[in-house]
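Asker: Take a look at this one; I'll ask things after.
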Amino acid sequence: MMPFVDLNSQYQRLKPLIASRIQDVIDRADFIMGAEVAALEDRLAAFCGAGHAVGVASGTDALLAALIAEGVGRGDAVLVPALTFTATAEVVVLLGATPVFVDIEPAGCTLDPAALARRLETLPQGLRPRVVIAVDLYGMPADYDAIGAVAARFGCLVLADAAQSFGATYRGRAVGTLAPVTATSFFPAKPLGCYGDGGALLTDDDERARLYRSIRAHGRGDHKYDIVRVGLNARLDTLQAAVLLAKLTVFEDELATRDRLAARYQRALTPLVASGLSLPPQPAGGRSTWAQYSIRHHRRDAIAARLRDRGIPTGVYYPAPMHLQPAYRHFGDGPGSLPVAETVARTTLSLPIHAYLPEDAVDRVAATVAEAIAGG
Ligand SMILES: *Cc1c(COP(=O)(O)O)cnc(C)c1O
């Protein structure tokens, strides 16, 4: 089986650098909030042009800390696209707020601004709209200009869930600067991943950055045992920051390779559009991280089975939209209520893509997809 994400080839490339960075942390026994965390924060902020980066323990904690900082709680509505990883909705429920699921647009599979406006206009009595979470699904930025305009009309903050898209751009601007607050993840399989859990918040807002630094460290004030709010234990490990500093040296190059491979998939698969295959859009004026290269076809499961038979792994992100998940369906209106998300969940299939995938592997995957579709 070819690897779906090849962390080992990346490690072989970076081994001496990663080893010396990790050894350094161990030699200094500087495990909690060590120098690497601040160094990484500077590099992340510089990479995307955000005023501040605040390292946290995971992408989920980044989302949670962002909502805590806004004081989100009971009676508050947080609008969430129906097709996303669980964490996007989970943090809302953990704070006692209400997730309101919104349909996605069919091309890019990100939050549909028109559906968002309709949902905000018809919120149940007694729910205050507070935050709109836009998710950059598969690494492609959502339509932040349109989403921001709708959110502003209703007095909502836009929180970017950029867990899959750190490194992407939209209309010439970098992820991390597209919304007032951006949360990202360094889960190992993300485009920029560490060797465990990790995440970060990005913002231009000095006051929010200060709040995030307090919330990630138990709500501390200026002194360690001066506790000014209820917070979290959500610091980024120094060892994970050390790994990320090493990986950042090749990140631009890896993003360029992913983009080249995505273009190769696109060329090879375009003839199959006539046979009912949908391809991901090429972002206009921007770049996806291609966290996933996701195609859609009504015979998705048969295509996946054929690929598996030929040693090619695939992924399904995600097999069910949030409003149909057992733990969340009481927040939604049931099957048929968010039809685009439901259709995408039934038809989406992610093909192998990572910076160490050879170009001829892309050709082989594409040829096998063609064979599966022709096979009927
Ligand atoms: C991965 C992911 C998260 C959660 O990140 P963790 O670091 O695993 O906590 C949140 N949202 C989306 C869209 C993700 O893909």
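Lettering and numbering for the structure tokens are positional, with chains as A, B, ... in the shown order, residues counted from 1 in each chain, and ligands counted from 1 in the shown order.
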Check which residues fall inside 7 Å of ligand 1 when counting only C-alpha atoms and all ligand atoms, and print them as a PyMOL selection string.

Answerer: chain A and resi 58-61+84-85+87-88+135-137+161-164+185-187+197-199

Asker: Could you dump the residues just selected with all heavy atoms as a CSV table (one decimal), in the first residue's frame?

Answerer:
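Here's the written file again11.csv:
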```
chain,number,residue,atom,x,y,z
A,58,SER,N,-3.5,22.1,20.9
A,58,SER,CA,-4.1,21.4,19.7
A,58,SER,C,-4.9,22.4,19.0
A,58,SER,O,-5.2,23.5,19.4
A,58,SER,CB,-5.0,20.2,20.2
A,58,SER,OG,-6.1,20.8,20.9
A,59,GLY,N,-5.4,22.0,17.8
A,59,GLY,CA,-6.3,22.8,17.0
A,59,GLY,C,-7.6,22.9,17.8
A,59,GLY,O,-8.3,24.0,17.7
A,60,THR,N,-8.1,21.9,18.4
A,60,THR,CA,-9.3,21.9,19.2
A,60,THR,C,-9.2,23.0,20.3
A,60,THR,O,-10.1,23.8,20.6
A,60,THR,CB,-9.6,20.5,19.8
A,60,THR,OG1,-9.6,19.6,18.8
A,60,THR,CG2,-10.9,20.5,20.5
A,61,ASP,N,-8.0,23.0,21.0
A,61,ASP,CA,-7.8,24.0,22.1
A,61,ASP,C,-7.8,25.4,21.5
A,61,ASP,O,-8.2,26.3,22.2
A,61,ASP,CB,-6.6,23.7,22.9
A,61,ASP,CG,-6.8,22.6,23.9
A,61,ASP,OD1,-7.9,22.4,24.4
A,61,ASP,OD2,-5.8,21.9,24.3
A,84,THR,N,-17.6,19.2,8.5
A,84,THR,CA,-16.3,19.6,9.1
A,84,THR,C,-15.9,18.5,10.0
A,84,THR,O,-16.7,17.5,10.3
A,84,THR,CB,-16.4,20.9,9.9
A,84,THR,OG1,-15.2,21.3,10.4
A,84,THR,CG2,-17.4,20.8,11.0
A,85,PHE,N,-14.7,18.6,10.6
A,85,PHE,CA,-14.3,17.7,11.6
A,85,PHE,C,-15.0,18.1,12.9
A,85,PHE,O,-15.3,19.2,13.2
A,85,PHE,CB,-12.7,17.8,11.9
A,85,PHE,CG,-12.2,16.9,12.9
A,85,PHE,CD1,-12.4,15.5,12.8
A,85,PHE,CD2,-11.7,17.4,14.1
A,85,PHE,CE1,-11.9,14.7,13.8
A,85,PHE,CE2,-11.2,16.6,15.1
A,85,PHE,CZ,-11.3,15.2,14.9
A,87,ALA,N,-14.4,18.6,15.9
A,87,ALA,CA,-13.9,19.6,16.9
A,87,ALA,C,-14.6,21.0,16.7
A,87,ALA,O,-14.8,21.7,17.7
A,87,ALA,CB,-12.4,19.7,16.8
A,88,THR,N,-14.9,21.3,15.4
A,88,THR,CA,-15.5,22.6,15.2
A,88,THR,C,-16.8,22.9,15.9
A,88,THR,O,-17.0,24.0,16.4
A,88,THR,CB,-15.7,22.8,13.6
A,88,THR,OG1,-14.6,22.3,12.9
A,88,THR,CG2,-15.9,24.3,13.2
A,135,VAL,N,-14.7,27.1,8.0
A,135,VAL,CA,-13.8,26.1,7.9
A,135,VAL,C,-13.1,26.0,6.5
A,135,VAL,O,-13.9,25.9,5.5
A,135,VAL,CB,-14.4,24.7,8.3
A,135,VAL,CG1,-13.4,23.6,8.2
A,135,VAL,CG2,-15.0,24.8,9.7
A,136,ASP,N,-11.8,26.0,6.5
A,136,ASP,CA,-11.1,25.9,5.2
A,136,ASP,C,-10.9,24.4,4.8
A,136,ASP,O,-9.8,23.8,4.9
A,136,ASP,CB,-9.8,26.6,5.3
A,136,ASP,CG,-9.9,28.1,5.7
A,136,ASP,OD1,-11.0,28.6,5.5
A,136,ASP,OD2,-8.9,28.6,6.1
A,137,LEU,N,-12.0,23.8,4.4
A,137,LEU,CA,-12.1,22.3,4.2
A,137,LEU,C,-11.1,21.9,3.1
A,137,LEU,O,-11.0,22.6,2.1
A,137,LEU,CB,-13.5,21.9,3.9
A,137,LEU,CG,-13.7,20.4,4.0
A,137,LEU,CD1,-13.8,20.0,5.5
A,137,LEU,CD2,-15.0,20.0,3.3
A,161,ASP,N,-11.5,28.5,11.1
A,161,ASP,CA,-10.9,27.2,11.5
A,161,ASP,C,-10.0,26.8,10.3
A,161,ASP,O,-10.5,26.2,9.3
A,161,ASP,CB,-12.1,26.1,11.7
A,161,ASP,CG,-11.5,24.8,12.1
A,161,ASP,OD1,-10.3,24.5,11.9
A,161,ASP,OD2,-12.3,23.9,12.5
A,162,ALA,N,-8.7,27.1,10.5
A,162,ALA,CA,-7.7,26.9,9.5
A,162,ALA,C,-6.9,25.7,9.8
A,162,ALA,O,-5.7,25.6,9.5
A,162,ALA,CB,-6.9,28.1,9.3
A,163,ALA,N,-7.5,24.7,10.5
A,163,ALA,CA,-6.7,23.5,10.9
A,163,ALA,C,-6.1,22.8,9.7
A,163,ALA,O,-5.0,22.2,9.8
A,163,ALA,CB,-7.6,22.5,11.6
A,164,GLN,N,-6.7,22.9,8.5
A,164,GLN,CA,-6.2,22.3,7.3
A,164,GLN,C,-5.5,23.2,6.4
A,164,GLN,O,-5.0,22.8,5.3
A,164,GLN,CB,-7.4,21.5,6.6
A,164,GLN,CG,-8.1,20.6,7.5
A,164,GLN,CD,-9.3,19.9,6.8
A,164,GLN,OE1,-9.5,20.0,5.6
A,164,GLN,NE2,-10.1,19.2,7.6
A,185,SER,N,-4.1,23.9,13.4
A,185,SER,CA,-3.7,22.7,14.1
A,185,SER,C,-2.4,22.2,13.5
A,185,SER,O,-2.1,22.3,12.3
A,185,SER,CB,-4.8,21.6,13.8
A,185,SER,OG,-4.3,20.3,14.1
A,186,PHE,N,-1.6,21.5,14.4
A,186,PHE,CA,-0.4,20.9,13.9
A,186,PHE,C,-0.4,19.4,14.2
A,186,PHE,O,0.6,18.7,14.3
A,186,PHE,CB,0.9,21.5,14.6
A,186,PHE,CG,1.0,23.0,14.5
A,186,PHE,CD1,1.0,23.8,15.6
A,186,PHE,CD2,1.0,23.6,13.2
A,186,PHE,CE1,1.1,25.2,15.5
A,186,PHE,CE2,1.0,25.0,13.1
A,186,PHE,CZ,1.1,25.8,14.2
A,187,PHE,N,-1.6,18.8,14.2
A,187,PHE,CA,-1.8,17.4,14.2
A,187,PHE,C,-0.9,16.8,13.1
A,187,PHE,O,-0.7,17.4,12.0
A,187,PHE,CB,-3.3,17.1,13.9
A,187,PHE,CG,-3.7,15.6,13.9
A,187,PHE,CD1,-4.0,15.0,15.1
A,187,PHE,CD2,-3.7,14.9,12.8
A,187,PHE,CE1,-4.3,13.7,15.2
A,187,PHE,CE2,-4.1,13.5,12.8
A,187,PHE,CZ,-4.4,12.9,14.0
A,197,ASP,N,0.3,16.4,19.4
A,197,ASP,CA,-0.8,17.4,19.3
A,197,ASP,C,-0.2,18.8,19.4
A,197,ASP,O,0.8,19.0,20.2
A,197,ASP,CB,-1.8,17.2,20.3
A,197,ASP,CG,-2.8,16.1,20.0
A,197,ASP,OD1,-3.4,16.2,18.9
A,197,ASP,OD2,-3.0,15.2,20.8
A,198,GLY,N,-0.7,19.7,18.6
A,198,GLY,CA,-0.3,21.1,18.7
A,198,GLY,C,-1.2,22.0,17.9
A,198,GLY,O,-2.0,21.5,17.1
A,199,GLY,N,-1.2,23.3,18.2
A,199,GLY,CA,-2.0,24.2,17.5
A,199,GLY,C,-1.6,25.6,17.7
A,199,GLY,O,-0.7,25.9,18.5
```

Asker: So that I can check the secondary structure, give me every residue of range 151-319 of chain A assigned strand (DSSP E or B) by backbone DSSP, as a ChimeraX atom specification.

Answerer: /A:157-161,169-170,173-174,181-185,199-203,217,220,227,233,235,237,278,287,293-296,315

Asker: Compile the contact shell of Val56 in chain A as a list in words: residues with an atom at most 10 Å away, counting only C-alpha atoms, same-chain residues fewer than 6 positions apart removed.

Answerer: Val37, Ala62, Leu63, Ala65, Ala183, Thr184, Ser185, Phe186, Asp197, Gly198, Gly199, Ala200, Leu201, Tyr212, Arg213, Ile215, Arg216, Ala217, Asn233, Ala234, Arg235, Leu236 and Asp237 of chain A

Asker: What would the file look like if the residues just selected were written as a compact mmCIF listing (two decimals), in the first residue's frame with N, CA and C atoms?

Answerer:
```txt
# COMPACT_ATOMS: atom_id res chain seq x y z
N VAL A 37 9.00 27.82 21.95
CA VAL A 37 7.60 28.20 21.76
C VAL A 37 7.51 29.64 21.26
N ALA A 62 -7.26 25.52 20.32
CA ALA A 62 -7.24 26.85 19.69
C ALA A 62 -8.67 27.36 19.50
N LEU A 63 -9.55 26.49 18.98
CA LEU A 63 -10.95 26.88 18.79
C LEU A 63 -11.61 27.17 20.13
N ALA A 65 -10.21 28.03 23.08
CA ALA A 65 -9.69 29.26 23.70
C ALA A 65 -10.26 30.49 22.99
N ALA A 183 -7.72 29.90 13.95
CA ALA A 183 -7.24 28.76 14.73
C ALA A 183 -6.64 27.75 13.77
N THR A 184 -5.45 27.23 14.11
CA THR A 184 -4.90 26.17 13.25
C THR A 184 -4.41 25.01 14.10
N SER A 185 -4.11 23.91 13.42
CA SER A 185 -3.72 22.66 14.08
C SER A 185 -2.40 22.16 13.51
N PHE A 186 -1.58 21.55 14.38
CA PHE A 186 -0.35 20.90 13.93
C PHE A 186 -0.42 19.39 14.15
N ASP A 197 0.26 16.36 19.43
CA ASP A 197 -0.77 17.39 19.27
C ASP A 197 -0.15 18.79 19.39
N GLY A 198 -0.71 19.71 18.63
CA GLY A 198 -0.27 21.10 18.71
C GLY A 198 -1.22 21.97 17.92
N GLY A 199 -1.18 23.26 18.20
CA GLY A 199 -2.04 24.19 17.46
C GLY A 199 -1.61 25.61 17.73
N ALA A 200 -2.29 26.56 17.10
CA ALA A 200 -1.96 27.97 17.32
C ALA A 200 -3.17 28.85 17.01
N LEU A 201 -3.17 30.02 17.62
CA LEU A 201 -4.13 31.07 17.30
C LEU A 201 -3.36 32.21 16.65
N TYR A 212 -5.53 35.08 24.98
CA TYR A 212 -5.19 33.70 24.61
C TYR A 212 -4.02 33.18 25.44
N ARG A 213 -3.03 34.07 25.70
CA ARG A 213 -1.86 33.66 26.50
C ARG A 213 -2.27 33.35 27.94
N ILE A 215 -5.50 32.40 28.82
CA ILE A 215 -6.42 31.25 28.83
C ILE A 215 -5.65 29.93 28.67
N ARG A 216 -4.60 29.92 27.84
CA ARG A 216 -3.88 28.65 27.64
C ARG A 216 -3.11 28.22 28.89
N ALA A 217 -2.90 29.15 29.83
CA ALA A 217 -2.14 28.86 31.05
C ALA A 217 -3.02 29.08 32.28
N ASN A 233 -5.47 24.13 30.61
CA ASN A 233 -4.08 23.74 30.46
C ASN A 233 -3.91 23.42 28.98
N ALA A 234 -3.54 24.40 28.20
CA ALA A 234 -3.54 24.25 26.74
C ALA A 234 -2.29 24.88 26.13
N ARG A 235 -1.14 24.69 26.81
CA ARG A 235 0.11 25.21 26.28
C ARG A 235 0.66 24.28 25.20
N LEU A 236 1.37 24.86 24.24
CA LEU A 236 2.07 24.06 23.23
C LEU A 236 3.36 23.52 23.86
N ASP A 237 3.60 22.21 23.75
CA ASP A 237 4.85 21.62 24.27
C ASP A 237 6.07 22.21 23.57
```

Asker: Select, from A:Leu116, A:Val181, A:Ala262, A:Ala327, the residue with the minimum atom-to-atom distance to Leu67 in chain A, counting only C-alpha atoms.

Answerer: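 Going through A:Leu116, A:Val181, A:Ala262, A:Ala327 one by one, the smallest distance to Leu67 in chain A is for A:Val181.
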
Asker: So the first atom is CA of Ser278 in chain A and the second is CA of His297 in chain A; what is the distance between them in Å, to one decimal place?

Answerer: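 Computed distance, CA of Ser278 in chain A to CA of His297 in chain A, equals 6.5 Å.
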
Asker: Do a neighbour search on Arg229 in chain A at 8 Å with only C-alpha atoms, toss out local chain neighbours closer than 2 positions, and write the hits as a list in words.

Answerer: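 Contacts, with the query itself left out: Ile215, His218, Gly219, Arg220, Ile227 and Gly231 of chain A.
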
Asker: Measuring atom to atom with only C-alpha atoms, identify which of A:Ala53, A:Ala82, A:Ala361, A:Ala246 is nearest to Thr177 in chain A.

Answerer: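 Residue with the minimum atom-to-atom distance to Thr177 in chain A: A:Ala53.
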
Asker: Extract, using only C-alpha atoms, all DNA, RNA and protein residues at most 7 Å from Val80 in chain A, discarding same-chain residues fewer than 3 positions from it, and format them as a compact mmCIF listing (two decimals) with N, CA and C atoms, in the first residue's frame.

Answerer:
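Wrote it out as result-v3.txt, contents follow:
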```
# COMPACT_ATOMS: atom_id res chain seq x y z
N ALA A 89 -17.59 21.83 16.01
CA ALA A 89 -18.86 21.94 16.72
C ALA A 89 -18.73 21.58 18.20
N PRO A 99 -24.62 25.07 18.63
CA PRO A 99 -24.12 25.07 17.25
C PRO A 99 -25.30 25.11 16.28
N VAL A 100 -25.21 26.01 15.31
CA VAL A 100 -26.25 26.10 14.28
C VAL A 100 -25.58 25.72 12.97
N PHE A 101 -26.02 24.59 12.41
CA PHE A 101 -25.32 24.07 11.24
C PHE A 101 -25.83 24.75 9.96
N VAL A 102 -24.87 25.05 9.08
CA VAL A 102 -25.16 25.78 7.85
C VAL A 102 -24.64 24.95 6.68
N VAL A 132 -19.35 33.18 13.82
CA VAL A 132 -19.44 32.33 12.63
C VAL A 132 -18.09 31.65 12.48
N ILE A 133 -18.07 30.32 12.50
CA ILE A 133 -16.81 29.61 12.26
C ILE A 133 -16.77 29.19 10.80
N ALA A 134 -15.79 29.71 10.07
CA ALA A 134 -15.59 29.30 8.67
C ALA A 134 -14.50 28.24 8.65
```
